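S.K.: Following this message is one structure expressed as structure tokens.
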Amino acid sequence: MTLRLEPDVAFGMHPDFGVAAAVADDRPFLDEVLRKHHFRYSEHLDVYLLADDTPHNTAVRTVASATRQFQEAGLSVAANPRIMIPSPVPTSDGVSARAPQSGQSVTALTGELHGLRRAADVSETLGEILDEHHGVVLDLEELIDTAAAWCERLGTHNGHELGLHLRDIAHHVAFLGEELVGAQLELAVMPDSTPENAPPLAEAPLPDRQEWLRGTHTARALAAVASSPNRPDNGPMRQNEVAPRPQAGPANPSRTR
């Protein structure tokens with residue numbers, strides 16, 4: 001037997017007005033909580049609506065916060081999963097849009113940047129990835145540290161070496177977060193905003209990361225095979241070059257890196 005229970009509050013997506021909330025009755029507590037979370041009642045539609053310019057991630061957090069308060073009061077809540085799906089990121093003509101991802105994703109945050117004009121709003125968006133509890137930077141650092149711990153549990157030389165390498169990467173991620181915090185603070189105090197005639201952000205030229213990565217990898221490869229003061233040159237000999245005579249080493253040579 002399937003029981004069909006009407007929830008006290010239901011959140012969903014209105015096709016024209018965005019995130020909406022419907023209540024089972026007109027109890028003052030329901031109205032108080034929804035208005036506290038910036039929902040406004042529409043008599044024409046008989047539902048509560050968020051402002052249509054509310055950023056996607058803000059809307060997701062708002063629904064989650066209101067849901068938690070309702071549930072703590074012993075009320076039942078239903079939510080349409082479509083609330084979690086952001087709009088595609090705007091792109092220039094001839095470029096396919098990046099597929100939307102659910103939740104507070106970097107894709108959703110990138111999409112929000114296309115609709116912002118004030119530097120302070122961009123600062124707030126950067127704050128999303130730096131958030132102490134939900135920020136992607138700290139999550140990435142924790143993920144890499146956990147992967148390093150997994151490698152170290154192998155109990156092998158290679159596992160230990162890879163664990164150290166991963167922890168070094170995690171350190172770089174933490175440094176990246178600190179640099180982003182500095183940029184976020186600078187944006188927060190900037191009074192500037194984009195002019196009305198500014199071109200769409202999707203038309204702004206972005207660096208060709210594929211070319212940049214190729215150059216980076218080439219430089220690393222050259223550095224890996226280049227001779228150094230602490231390592232003899234093991235590359236191929238030039239024509240007419242005589243190889244040096246090997247010298248006798250110590251009886252018990254130690255391996256160094």
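A note on labels: chains of the structure tokens are A, B, ... as shown, every chain counts residues from 1, and ligands are counted from 1 in their shown order.
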May I have the residues within 8 Å of Leu113 of chain A as a ChimeraX atom specification, using only C-alpha atoms and disregarding those fewer than 3 positions away in the same chain?
M.R.: /A:109-110,116,122,125
S.K.: State, in Å with one decimal place, the distance from atom CA of Phe175 of chain A to atom CA of Asp139 of chain A.
M.R.: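 Distance reported for this atom pair: 14.0 Å.
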S.K.: Using only C-alpha atoms, can you tell me which of A:Glu203, A:Glu6, A:Asp31, A:Asp131 comes closest to Gly177 of chain A?
M.R.: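 The shortest atom-to-atom distance to Gly177 of chain A comes from A:Asp131.
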S.K.: So which one's closest to His14 of chain A, A:Asn80, A:Asn158, A:Gln184, A:Gln71? Using only C-alpha atoms, please.
M.R.: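 Residue with the minimum atom-to-atom distance to His14 of chain A: A:Asn80.
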S.K.: With only C-alpha atoms as the counted atoms, please give the residues lying no more than 7 Å from Gly12 of chain A, apart from itself and same-chain residues fewer than 5 positions off, as an MDAnalysis selection string.
M.R.: chainID A and resid 19:21 79:80 83
S.K.: Filtering to N, CA and C atoms, could you give me those residues as an mmCIF file, in the first residue's frame?
M.R.:
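Done, and the output landed in part-v2.cif:
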```cif
data_model
loop_
_atom_site.group_PDB
_atom_site.id
_atom_site.type_symbol
_atom_site.label_atom_id
_atom_site.label_comp_id
_atom_site.auth_asym_id
_atom_site.auth_seq_id
_atom_site.Cartn_x
_atom_site.Cartn_y
_atom_site.Cartn_z
ATOM 1 N N VAL A 19 12.315 29.705 -8.576
ATOM 2 C CA VAL A 19 12.077 28.897 -7.381
ATOM 3 C C VAL A 19 10.829 29.386 -6.660
ATOM 4 N N ALA A 20 9.951 28.434 -6.358
ATOM 5 C CA ALA A 20 8.679 28.761 -5.705
ATOM 6 C C ALA A 20 8.455 27.831 -4.520
ATOM 7 N N ALA A 21 7.637 28.275 -3.576
ATOM 8 C CA ALA A 21 7.275 27.467 -2.409
ATOM 9 C C ALA A 21 5.779 27.535 -2.214
ATOM 10 N N ALA A 79 10.724 18.712 -2.039
ATOM 11 C CA ALA A 79 11.453 19.615 -2.934
ATOM 12 C C ALA A 79 11.678 18.933 -4.268
ATOM 13 N N ASN A 80 11.436 19.679 -5.348
ATOM 14 C CA ASN A 80 11.675 19.171 -6.692
ATOM 15 C C ASN A 80 13.182 19.175 -6.969
ATOM 16 N N ILE A 83 15.428 21.992 -8.754
ATOM 17 C CA ILE A 83 15.983 23.190 -8.117
ATOM 18 C C ILE A 83 17.501 23.145 -8.117
#
```
S.K.: Please, what distance in Å, to one decimal, runs between atom CA of Trp150 of chain A and atom CA of Ala170 of chain A?
M.R.: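 Between atom CA of Trp150 of chain A and atom CA of Ala170 of chain A the gap works out to 14.1 Å.
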S.K.: For the atom pair atom CA of Asn57 of chain A and atom CA of Leu140 of chain A, what is the interatomic distance in Å to one decimal place?
M.R.: 18.8 Å
S.K.: Which is closer to Ala202 of chain A than all the others in A:Asp121, A:Glu32, A:Thr107, A:His114, using only C-alpha atoms?
M.R.: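 Checking each of A:Asp121, A:Glu32, A:Thr107, A:His114 against Ala202 of chain A, counting only C-alpha atoms, the winner is A:His114.
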S.K.: Do a neighbour search on Gly18 of chain A at 8 Å with only C-alpha atoms, toss out local chain neighbours closer than 4 positions, and write the hits as a ChimeraX atom specification.
M.R.: /A:13-14,49-50,52
